[in-house]
$ cat structure_20.txt   # compact mmCIF, C-alpha atoms
# COMPACT_ATOMS: atom_id res chain seq x y z
CA SER S 57 13.20 -40.93 5.76
CA ALA S 58 12.05 -44.13 4.07
CA VAL S 59 9.09 -42.39 2.43
CA GLY S 60 10.89 -39.22 1.36
CA ARG S 61 10.69 -38.46 -2.35
CA GLY S 62 13.87 -36.41 -2.58
CA PRO S 63 17.28 -37.74 -3.64
CA GLU S 64 19.83 -39.14 -1.22
CA VAL S 65 22.22 -36.44 0.00
CA PRO S 66 25.83 -37.56 -0.67
CA PHE S 67 27.37 -35.59 2.19
CA ARG S 68 29.02 -37.13 5.26
CA SER S 69 30.83 -35.09 7.88
CA GLU S 70 31.35 -35.30 11.65
CA ALA S 71 31.16 -31.53 12.05
CA TYR S 72 29.59 -29.18 9.57
CA GLY S 73 27.57 -25.98 9.40
CA ILE S 74 24.42 -25.04 7.49
CA SER S 75 23.78 -21.68 5.84
CA ALA S 76 20.66 -20.65 3.93
CA LEU S 77 19.66 -18.24 1.17
CA ALA S 78 16.09 -17.62 0.00
CA ARG S 79 14.95 -16.52 -3.43
CA GLY S 80 11.22 -16.28 -4.11
CA LYS S 81 9.61 -19.58 -3.16
CA GLU S 82 12.90 -21.48 -3.09
CA LEU S 83 15.49 -21.95 -0.34
CA ARG S 84 19.08 -23.02 -0.83
CA LEU S 85 20.94 -24.76 1.98
CA THR S 86 24.73 -25.05 1.88
CA LEU S 87 26.37 -27.80 3.97
CA SER S 88 30.02 -26.96 4.71
CA ALA S 89 32.49 -28.99 6.78
CA LEU S 90 34.01 -27.02 9.65
CA ASP S 91 37.41 -28.35 8.66
CA ALA S 92 37.39 -27.43 4.99
CA ALA S 93 40.81 -29.01 4.34
CA ALA S 94 40.00 -32.45 5.76
CA GLY S 95 36.28 -32.55 5.17
CA PRO S 96 34.20 -33.18 2.04
CA PRO S 97 33.43 -30.38 -0.42
CA ALA S 98 30.42 -28.20 0.27
CA GLN S 99 27.02 -29.56 -0.77
CA ASP S 100 24.10 -27.37 -1.92
CA LEU S 101 20.43 -28.33 -1.72
CA VAL S 102 17.57 -26.29 -3.18
CA PHE S 103 14.17 -26.75 -1.52
CA ARG S 104 10.65 -26.07 -2.69
CA PHE S 105 8.04 -26.13 0.06
CA GLY S 106 4.82 -26.96 -1.80
CA MET S 107 1.68 -26.35 0.25
CA SER S 108 2.83 -27.60 3.67
CA GLY S 109 6.64 -27.79 3.77
CA SER S 110 8.63 -26.17 6.59
CA PHE S 111 11.75 -26.56 8.73
CA ARG S 112 11.50 -27.45 12.41
CA LEU S 113 14.17 -27.78 15.11
CA CYS S 114 13.25 -30.39 17.72
CA PRO S 115 14.79 -33.04 20.01
CA ALA S 116 16.16 -35.95 18.00
CA ALA S 117 14.19 -38.36 20.21
CA GLU S 118 10.92 -36.58 19.42
CA LEU S 119 10.92 -36.32 15.63
CA PRO S 120 7.68 -34.98 14.16
CA ARG S 121 5.70 -36.98 11.67
CA HIS S 122 6.57 -36.46 8.00
CA ALA S 123 10.17 -35.37 8.79
CA HIS S 124 11.56 -36.36 5.39
CA LEU S 125 15.11 -34.98 5.78
CA ARG S 126 16.97 -34.57 9.08
CA PHE S 127 20.22 -32.86 10.13
CA LEU S 128 21.48 -33.88 13.57
CA THR S 129 23.41 -31.68 16.00
CA ARG S 130 26.44 -32.83 18.04
CA GLU S 131 25.12 -31.62 21.40
CA SER S 132 23.84 -33.96 24.10
CA PRO S 133 21.02 -34.76 23.88
CA PRO S 134 21.08 -34.14 20.11
CA ARG S 135 18.53 -32.11 18.24
CA ALA S 136 17.38 -32.44 14.64
CA LEU S 137 16.70 -29.79 12.03
CA CYS S 138 13.87 -31.43 10.04
CA PHE S 139 12.29 -30.69 6.70
CA VAL S 140 8.64 -31.47 7.51
CA ASP S 141 6.10 -31.86 4.71
CA PRO S 142 2.81 -33.64 5.59
CA ARG S 143 1.35 -33.41 2.08
CA ARG S 144 4.64 -34.21 0.32
CA PHE S 145 4.22 -31.53 -2.35
CA GLY S 146 7.60 -30.08 -1.41
CA SER S 147 10.91 -31.34 -2.74
CA TRP S 148 14.67 -30.84 -2.73
CA ARG S 149 17.30 -31.31 -5.40
CA LEU S 150 21.07 -31.41 -5.39
CA GLY S 151 23.08 -28.44 -6.65
CA ASP S 152 22.98 -24.68 -6.23
CA ALA S 153 20.95 -23.76 -9.33
CA TRP S 154 17.64 -21.96 -8.95
CA GLN S 155 14.80 -23.03 -11.23
CA PRO S 156 15.50 -21.26 -14.54
CA GLU S 157 11.84 -20.50 -15.27
CA ARG S 158 11.48 -18.43 -12.09
CA GLY S 159 11.98 -14.68 -12.31
CA PRO S 160 13.72 -12.30 -9.88
CA CYS S 161 12.58 -12.44 -6.25
CA VAL S 162 9.99 -9.84 -5.22
CA VAL S 163 11.75 -9.38 -1.85
CA SER S 164 15.50 -9.61 -2.42
CA GLU S 165 15.67 -8.53 -6.09
CA TYR S 166 12.96 -5.88 -6.25
CA GLN S 167 14.42 -3.62 -8.94
CA ALA S 168 15.16 -6.55 -11.27
CA PHE S 169 11.68 -7.93 -10.57
CA ARG S 170 10.04 -4.63 -11.48
CA GLU S 171 12.00 -4.27 -14.71
CA ASN S 172 11.29 -7.88 -15.68
CA VAL S 173 7.53 -7.27 -15.46
CA LEU S 174 7.35 -3.88 -17.19
CA LYS S 175 9.57 -4.82 -20.13
CA ASN S 176 7.59 -8.01 -20.89
CA LEU S 177 4.01 -6.72 -20.94
CA ASP S 178 3.67 -7.95 -24.53
CA ASP S 179 3.90 -11.53 -23.28
CA ARG S 180 0.66 -13.49 -23.73
CA ALA S 181 0.76 -14.31 -20.03
CA PHE S 182 -0.54 -10.78 -19.34
CA ASP S 183 -3.72 -11.47 -21.35
CA LYS S 184 -5.03 -13.29 -18.27
CA PRO S 185 -6.76 -11.75 -15.22
CA ILE S 186 -4.45 -9.99 -12.80
CA CYS S 187 -5.30 -12.45 -10.01
CA GLU S 188 -3.98 -15.35 -12.11
CA VAL S 189 -0.87 -13.53 -13.35
CA LEU S 190 0.18 -12.71 -9.78
CA LEU S 191 0.76 -16.44 -9.23
CA ASN S 192 2.96 -16.73 -12.34
CA GLN S 193 6.40 -17.33 -10.83
CA LYS S 194 8.12 -16.34 -14.07
CA TYR S 195 7.22 -12.74 -13.24
CA PHE S 196 6.05 -12.74 -9.60
CA ASN S 197 8.49 -15.11 -7.91
CA GLY S 198 7.44 -15.34 -4.26
CA ILE S 199 3.81 -14.23 -4.49
CA GLY S 200 1.33 -16.82 -3.24
CA ASN S 201 -2.40 -17.09 -2.75
CA TYR S 202 -2.79 -15.05 0.43
CA LEU S 203 -0.38 -12.35 -0.78
CA ARG S 204 -2.23 -11.76 -4.05
CA ALA S 205 -5.52 -11.31 -2.18
CA GLU S 206 -3.99 -8.81 0.26
CA ILE S 207 -2.25 -6.81 -2.49
CA LEU S 208 -5.31 -6.50 -4.73
CA PHE S 209 -7.54 -5.67 -1.75
CA ARG S 210 -5.32 -2.80 -0.57
CA LEU S 211 -5.31 -1.22 -4.03
CA LYS S 212 -9.01 -1.98 -4.69
CA ILE S 213 -8.05 -3.63 -7.99
CA PRO S 214 -10.73 -5.96 -9.42
CA PRO S 215 -9.17 -9.44 -9.38
CA PHE S 216 -10.46 -10.38 -12.84
CA GLU S 217 -9.28 -7.19 -14.54
CA LYS S 218 -6.94 -7.91 -17.45
CA ALA S 219 -3.36 -7.89 -16.16
CA ARG S 220 -1.94 -5.89 -19.06
CA THR S 221 -4.53 -3.15 -18.53
CA VAL S 222 -3.54 -2.79 -14.87
CA LEU S 223 0.22 -2.83 -15.46
CA GLU S 224 0.32 -0.63 -18.57
CA ALA S 225 -1.50 2.07 -16.64
CA LEU S 226 1.17 1.74 -13.95
CA LYS S 227 3.92 2.11 -16.56
CA GLU S 228 2.32 5.26 -17.98
CA GLN S 229 1.99 6.79 -14.50
CA GLU S 230 5.67 6.18 -13.86
CA GLN S 231 6.68 7.89 -17.11
CA GLU S 232 4.43 10.90 -16.39
CA ARG S 233 5.88 11.21 -12.88
CA ARG S 234 9.41 11.44 -14.31
CA LYS S 235 8.39 14.06 -16.89
CA LYS S 236 6.67 16.32 -14.33
CA ASP S 237 9.60 16.62 -11.98
CA PRO S 238 12.84 14.89 -13.03
CA SER S 239 14.74 16.69 -10.25
CA LEU S 240 13.06 14.84 -7.36
CA THR S 241 15.54 13.74 -4.73
CA LEU S 242 15.74 10.10 -3.67
CA SER S 243 14.16 10.81 -0.27
CA LYS S 244 11.16 12.51 -1.92
CA LYS S 245 10.74 9.62 -4.33
CA VAL S 246 10.74 7.15 -1.42
CA LYS S 247 8.18 9.27 0.43
CA LEU S 248 5.89 9.41 -2.62
CA LYS S 249 6.11 5.65 -3.05
CA GLN S 250 5.27 5.07 0.58
CA GLU S 251 2.24 7.35 0.38
CA ASN S 252 0.96 5.99 -2.96
CA PRO S 253 2.40 2.53 -3.57
CA ASP S 254 1.57 0.81 -6.84
CA LEU S 255 0.94 -2.90 -7.40
CA LEU S 256 4.58 -3.84 -7.99
CA GLU S 257 5.69 -1.95 -4.91
CA LEU S 258 3.13 -3.76 -2.77
CA CYS S 259 4.44 -7.05 -4.16
CA HIS S 260 7.63 -6.12 -2.29
CA THR S 261 6.35 -4.34 0.84
CA VAL S 262 3.49 -6.68 1.79
CA PRO S 263 5.74 -9.78 2.07
CA MET S 264 8.25 -7.63 3.96
CA GLU S 265 5.56 -6.85 6.55
CA VAL S 266 5.32 -10.56 7.31
CA ILE S 267 9.11 -11.04 7.39
CA THR S 268 10.10 -7.97 9.41
CA ALA S 269 7.21 -7.71 11.89
CA GLU S 270 8.39 -6.87 15.43
CA LYS S 271 6.23 -9.68 16.77
CA PRO S 272 6.56 -12.74 14.51
CA LEU S 273 3.32 -13.32 12.60
CA LEU S 274 4.23 -17.00 12.22
CA ASP S 275 6.00 -18.34 15.28
CA PRO S 276 8.39 -21.17 14.29
CA GLU S 277 8.31 -22.52 17.85
CA HIS S 278 4.51 -22.81 17.73
CA SER S 279 3.71 -23.43 14.07
CA ASP S 280 0.06 -24.19 14.83
CA ASN S 281 -0.55 -20.75 16.36
CA TYR S 282 -1.88 -18.45 13.63
CA ALA S 283 -3.53 -15.82 15.86
CA ALA S 284 -1.10 -13.01 15.00
CA PHE S 285 -1.17 -13.89 11.30
CA LYS S 286 -4.98 -13.91 11.22
CA ASN S 287 -5.06 -10.49 12.88
CA TRP S 288 -2.71 -9.15 10.20
CA LEU S 289 -4.85 -10.39 7.29
CA GLN S 290 -7.28 -7.86 5.84
CA CYS S 291 -8.90 -9.91 3.07
CA TYR S 292 -7.72 -13.53 2.84
CA LEU S 293 -10.06 -15.84 4.80
CA VAL S 294 -11.55 -12.78 6.52
CA PRO S 295 -15.29 -13.09 7.41
CA GLY S 296 -17.43 -10.95 5.14
CA MET S 297 -15.12 -11.29 2.13
CA SER S 298 -16.12 -13.25 -0.96
CA SER S 299 -14.25 -15.90 -2.89
CA LEU S 300 -14.25 -17.52 -6.32
CA ARG S 301 -12.08 -20.06 -8.09
CA ASP S 302 -9.97 -18.78 -10.94
CA ARG S 303 -9.33 -20.79 -14.13
CA ASN S 304 -6.43 -22.58 -12.46
CA GLY S 305 -8.67 -23.84 -9.67
CA ARG S 306 -7.12 -21.53 -7.04
CA THR S 307 -9.41 -19.59 -4.69
CA ILE S 308 -9.19 -15.80 -4.88
CA TRP S 309 -10.54 -13.75 -1.96
CA PHE S 310 -11.89 -10.25 -2.62
CA GLN S 311 -14.35 -7.65 -1.44
CA VAL S 312 -17.80 -7.69 -3.08
CA GLY S 313 -17.93 -5.03 -5.78
CA ALA S 314 -14.31 -5.60 -6.84
CA ARG S 315 -14.77 -8.57 -9.14
CA GLY S 316 -13.56 -6.98 -12.33
CA CYS S 317 -15.85 -7.79 -15.23
CA CYS S 318 -17.94 -10.07 -13.01
CA LEU S 319 -21.23 -8.45 -12.01
CA GLU S 320 -21.87 -7.42 -8.43
CA LEU S 321 -23.82 -9.79 -6.21
CA GLY S 322 -27.46 -8.79 -5.92
CA SER S 323 -27.69 -7.42 -9.47
CA PRO S 324 -30.38 -8.82 -11.83
CA GLN S 325 -27.78 -10.97 -13.60
CA THR S 326 -25.23 -12.58 -11.28
CA THR S 327 -23.56 -14.97 -13.73
CA PRO S 328 -20.09 -13.68 -14.67
CA PRO S 329 -18.65 -14.05 -18.19
CA ARG S 330 -17.45 -17.42 -19.42
CA GLY S 331 -14.01 -18.28 -18.16
CA HIS S 332 -14.24 -16.16 -15.02
CA TRP S 333 -16.60 -18.21 -12.88
CA PRO S 334 -16.36 -21.95 -13.54
CA VAL S 335 -19.69 -23.74 -13.32
CA PHE S 336 -19.64 -27.52 -13.20
CA CYS S 337 -22.66 -29.68 -14.03
CA LEU S 338 -22.95 -33.43 -13.51
CA LEU S 339 -25.65 -35.36 -15.37
CA ARG S 340 -26.16 -38.97 -14.38
CA LEU S 341 -27.46 -41.30 -17.06
CA PRO S 342 -28.79 -44.82 -16.35
CA LEU S 343 -26.25 -47.46 -17.34
CA HIS S 344 -28.91 -50.11 -18.05
CA SER S 345 -30.88 -48.27 -20.76
CA PRO S 346 -30.38 -49.92 -24.19
CA ALA S 347 -33.20 -48.00 -25.86
CA LEU S 348 -31.10 -45.11 -27.16
CA THR S 349 -27.55 -45.08 -28.44
CA PRO S 350 -25.38 -42.01 -27.68
CA THR S 351 -26.09 -40.59 -31.15
CA GLN S 352 -29.86 -40.94 -30.62
CA VAL S 353 -30.04 -39.25 -27.23
CA THR S 354 -31.60 -35.82 -27.70
CA PRO S 355 -31.54 -32.88 -25.26
CA ARG S 356 -35.29 -33.32 -24.75
CA ALA S 357 -34.83 -36.98 -23.88
CA LEU S 358 -32.09 -36.14 -21.41
CA LYS S 359 -34.33 -33.54 -19.80
CA GLN S 360 -37.11 -36.09 -19.46
CA ARG S 361 -34.76 -38.58 -17.85
CA ARG S 362 -33.56 -36.01 -15.35
CA ARG S 363 -37.14 -35.15 -14.38
CA ALA S 364 -37.99 -38.82 -14.09
CA GLY S 365 -35.26 -39.26 -11.52
CA ALA S 366 -37.19 -37.01 -9.11
CA ASN S 367 -40.13 -39.48 -8.91
CA PRO S 368 -39.88 -42.44 -6.52
CA PRO S 369 -39.63 -45.75 -8.45
CA LYS S 370 -42.63 -47.27 -6.68
CA ALA S 371 -44.97 -44.42 -7.58
CA GLU S 372 -43.77 -44.59 -11.19
CA GLU S 373 -44.50 -48.34 -11.42
CA GLU S 374 -48.02 -47.91 -9.96
CA LYS S 375 -48.73 -45.19 -12.50
CA GLU S 376 -47.67 -47.45 -15.39
CA GLU S 377 -49.77 -50.35 -14.06
CA LYS S 378 -52.92 -48.19 -13.94
CA GLU S 379 -52.34 -47.07 -17.52
CA GLU S 380 -51.95 -50.67 -18.72
CA GLU S 381 -55.15 -51.80 -16.96
CA ALA S 382 -57.29 -49.30 -18.89
CA ASP S 383 -59.19 -50.79 -21.87
CA GLY S 384 -59.14 -47.69 -23.98
CA PRO S 385 -57.18 -44.52 -24.38
CA LYS S 386 -56.87 -42.34 -21.35
CA LYS S 387 -59.16 -39.33 -21.31
CA GLY S 388 -57.52 -36.21 -22.62
CA CYS S 389 -54.80 -38.10 -24.47
CA ALA S 390 -54.50 -37.35 -28.18
CA ARG S 391 -53.43 -40.86 -29.12
CA GLY S 392 -54.39 -44.12 -27.44
CA ARG S 393 -51.90 -46.50 -25.92
CA ARG S 394 -51.63 -50.13 -26.84
CA LYS S 395 -52.78 -52.70 -24.36
CA ALA S 396 -50.08 -54.55 -22.55
CA THR S 397 -51.24 -57.87 -24.08
CA ALA S 398 -50.96 -56.55 -27.62
CA ALA S 399 -47.29 -55.68 -27.37
CA PRO S 400 -44.72 -58.29 -28.41
CA ALA S 401 -42.43 -59.72 -25.79
CA VAL S 402 -39.50 -57.36 -25.37
CA PRO S 403 -36.87 -56.90 -22.68
CA GLU S 404 -37.91 -54.73 -19.78
CA VAL S 405 -37.18 -51.01 -20.37
CA PRO S 406 -37.11 -48.50 -17.50
CA PRO S 407 -40.29 -46.33 -17.34
CA SER S 408 -38.32 -43.12 -17.68
CA VAL S 409 -36.82 -44.28 -20.99
CA ARG S 410 -40.26 -45.35 -22.35
CA ARG S 411 -41.69 -41.96 -21.59
CA SER S 412 -38.71 -40.28 -23.27
CA LEU S 413 -39.28 -42.37 -26.41
CA ARG S 414 -42.98 -41.47 -26.56
CA THR S 415 -42.23 -37.78 -26.15
CA SER S 416 -39.53 -37.77 -28.82
CA ALA S 417 -41.69 -39.65 -31.32
CA ARG S 418 -44.73 -37.44 -30.77
CA ARG S 419 -42.87 -34.20 -31.32
CA GLY S 420 -40.51 -35.38 -34.03
CA LYS S 421 -37.45 -34.44 -32.08
CA GLY S 422 -35.72 -37.83 -32.15
CA GLU S 423 -35.73 -41.32 -33.62
CA THR S 424 -37.50 -44.23 -31.98
CA GLY S 425 -36.81 -47.87 -32.55
CA SER S 426 -37.59 -51.14 -30.96
CA PRO S 427 -36.07 -51.22 -27.50

$ encode --input "structure_20.txt" --output "structure tokens"
Amino acid sequence: SAVGRGPEVPFRSEAYGISALARGKELRLTLSALDAAAGPPAQDLVFRFGMSGSFRLCPAAELPRHAHLRFLTRESPPRALCFVDPRRFGSWRLGDAWQPERGPCVVSEYQAFRENVLKNLDDRAFDKPICEVLLNQKYFNGIGNYLRAEILFRLKIPPFEKARTVLEALKEQEQERRKKDPSLTLSKKVKLKQENPDLLELCHTVPMEVITAEKPLLDPEHSDNYAAFKNWLQCYLVPGMSSLRDRNGRTIWFQVGARGCCLELGSPQTTPPRGHWPVFCLLRLPLHSPALTPTQVTPRALKQRRRAGANPPKAEEEKEEKEEEADGPKKGCARGRRKATAAPAVPEVPPSVRRSLRTSARRGKGETGSP
């Protein structure tokens, strides 16, 4: 399409076939001419789907919006296999190479995936919480946001537990199991794994539940129908579950009481440790206040300005006018105020800034100068 961000595909053939191979979060398409001798050489494309990418087969006369790459059939009327990506986070590139920084696939290369994780636990990546590490495609190629929530929920693992702590314990359990009974047959080992799966095993079996379900959880013919998928979910987006944003800005869903080192909701202190529960604060400062330079603004002055913003401007002006009309110091005030006529002509300063200056000068917390 005219707005597609991917490269032009240099493949032209009157009759060709398409085959596909998936690995983690990538998909490789191979375009091959039916007449290999007379046709062009095969062309490989590797796709990444981003947040909203998918393939859809539809009539060529009724192309969906955001169909950025289209393969047309020879039938009459023709149909089109479309790569649809509304948010345009997905992409494709020419060639058959997988991304080198991605590890073995959790589905199709399970044994290599497991070994890749357990032999690299000294990597600094495993210093992070387990919920963040599960999205690291270098080690967990294929695991996404909903899968990590479902996996951690089934094992009751706190999402903010240190990843190395979780996985080293798994490694020790595996070594102890081998020492206790090295003569276990393959069928008994499979049965034990099915009865007591560990985290790495669930990284393989939970995605397989979605792929191999008797009734498709995600119907490609009705991509907007998520009823079966929602019924399958146990934690992700499920009412009654809680959610937080991790340090990468991704939302993690979990059951209350399984927040790792974060305290349980309802306890006297509900603020989790720094780095586990991002808190953002926005402080608006008036742009027209020349009284204080950035180096002169004190925390007390900022606090006074913030409180001043809660008072309506009209009420604040009436209050200042009454103070200026008084001949002497106001009752109960330790120091008198100057009359308005005694002050030299100066540019108008917002009332909130004047009050901040008086407070800072009286308590010796900041410097005051002529506005």

$ residues_around --input "structure_20.txt" --residues "range 147-150 of chain S" --least-positions-apart "2" --cutoff "6 Å" --atoms "all atoms listed in the file" --output "list in words"
Gly62, Leu101, Val102, Phe103 and Arg104 of chain S

$ write_last_selection --input "structure_20.txt" --atoms "C-alpha atoms" --output "mmCIF file, keeping the file's coordinate frame"
data_model
loop_
_atom_site.group_PDB
_atom_site.id
_atom_site.type_symbol
_atom_site.label_atom_id
_atom_site.label_comp_id
_atom_site.auth_asym_id
_atom_site.auth_seq_id
_atom_site.Cartn_x
_atom_site.Cartn_y
_atom_site.Cartn_z
ATOM 1 C CA GLY S 62 13.870 -36.410 -2.580
ATOM 2 C CA LEU S 101 20.430 -28.330 -1.720
ATOM 3 C CA VAL S 102 17.570 -26.290 -3.180
ATOM 4 C CA PHE S 103 14.170 -26.750 -1.520
ATOM 5 C CA ARG S 104 10.650 -26.070 -2.690
#

$ atom_distance --input "structure_20.txt" --atom1 "CA of Arg68 in chain S" --atom2 "CA of Pro96 in chain S"
7.3 Å

$ residues_around --input "structure_20.txt" --residues "range 220-225 of chain S" --least-positions-apart "3" --cutoff "8 Å" --atoms "all atoms listed in the file" --output "mmCIF file with C-alpha atoms, keeping the file's coordinate frame"
data_model
loop_
_atom_site.group_PDB
_atom_site.id
_atom_site.type_symbol
_atom_site.label_atom_id
_atom_site.label_comp_id
_atom_site.auth_asym_id
_atom_site.auth_seq_id
_atom_site.Cartn_x
_atom_site.Cartn_y
_atom_site.Cartn_z
ATOM 1 C CA LEU S 174 7.350 -3.880 -17.190
ATOM 2 C CA LEU S 177 4.010 -6.720 -20.940
ATOM 3 C CA PHE S 182 -0.540 -10.780 -19.340
ATOM 4 C CA ASP S 183 -3.720 -11.470 -21.350
ATOM 5 C CA ILE S 186 -4.450 -9.990 -12.800
ATOM 6 C CA GLU S 217 -9.280 -7.190 -14.540
ATOM 7 C CA GLU S 228 2.320 5.260 -17.980
ATOM 8 C CA GLN S 229 1.990 6.790 -14.500
#

$ atom_distance --input "structure_20.txt" --atom1 "CA of Glu131 in chain S" --atom2 "CA of Gly146 in chain S"
28.8 Å

$ atom_distance --input "structure_20.txt" --atom1 "CA of Lys212 in chain S" --atom2 "CA of Cys291 in chain S"
11.1 Å

$ residues_around --input "structure_20.txt" --residues "Ser88 in chain S" --least-positions-apart "3" --cutoff "9 Å" --atoms "all atoms listed in the file" --output "mmCIF file with C-alpha atoms, keeping the file's coordinate frame"
data_model
loop_
_atom_site.group_PDB
_atom_site.id
_atom_site.type_symbol
_atom_site.label_atom_id
_atom_site.label_comp_id
_atom_site.auth_asym_id
_atom_site.auth_seq_id
_atom_site.Cartn_x
_atom_site.Cartn_y
_atom_site.Cartn_z
ATOM 1 C CA SER S 69 30.830 -35.090 7.880
ATOM 2 C CA ALA S 71 31.160 -31.530 12.050
ATOM 3 C CA TYR S 72 29.590 -29.180 9.570
ATOM 4 C CA GLY S 73 27.570 -25.980 9.400
ATOM 5 C CA ILE S 74 24.420 -25.040 7.490
ATOM 6 C CA SER S 75 23.780 -21.680 5.840
ATOM 7 C CA ASP S 91 37.410 -28.350 8.660
ATOM 8 C CA ALA S 92 37.390 -27.430 4.990
ATOM 9 C CA GLY S 95 36.280 -32.550 5.170
ATOM 10 C CA PRO S 96 34.200 -33.180 2.040
ATOM 11 C CA PRO S 97 33.430 -30.380 -0.420
ATOM 12 C CA ALA S 98 30.420 -28.200 0.270
ATOM 13 C CA GLN S 99 27.020 -29.560 -0.770
ATOM 14 C CA ASP S 100 24.100 -27.370 -1.920
#
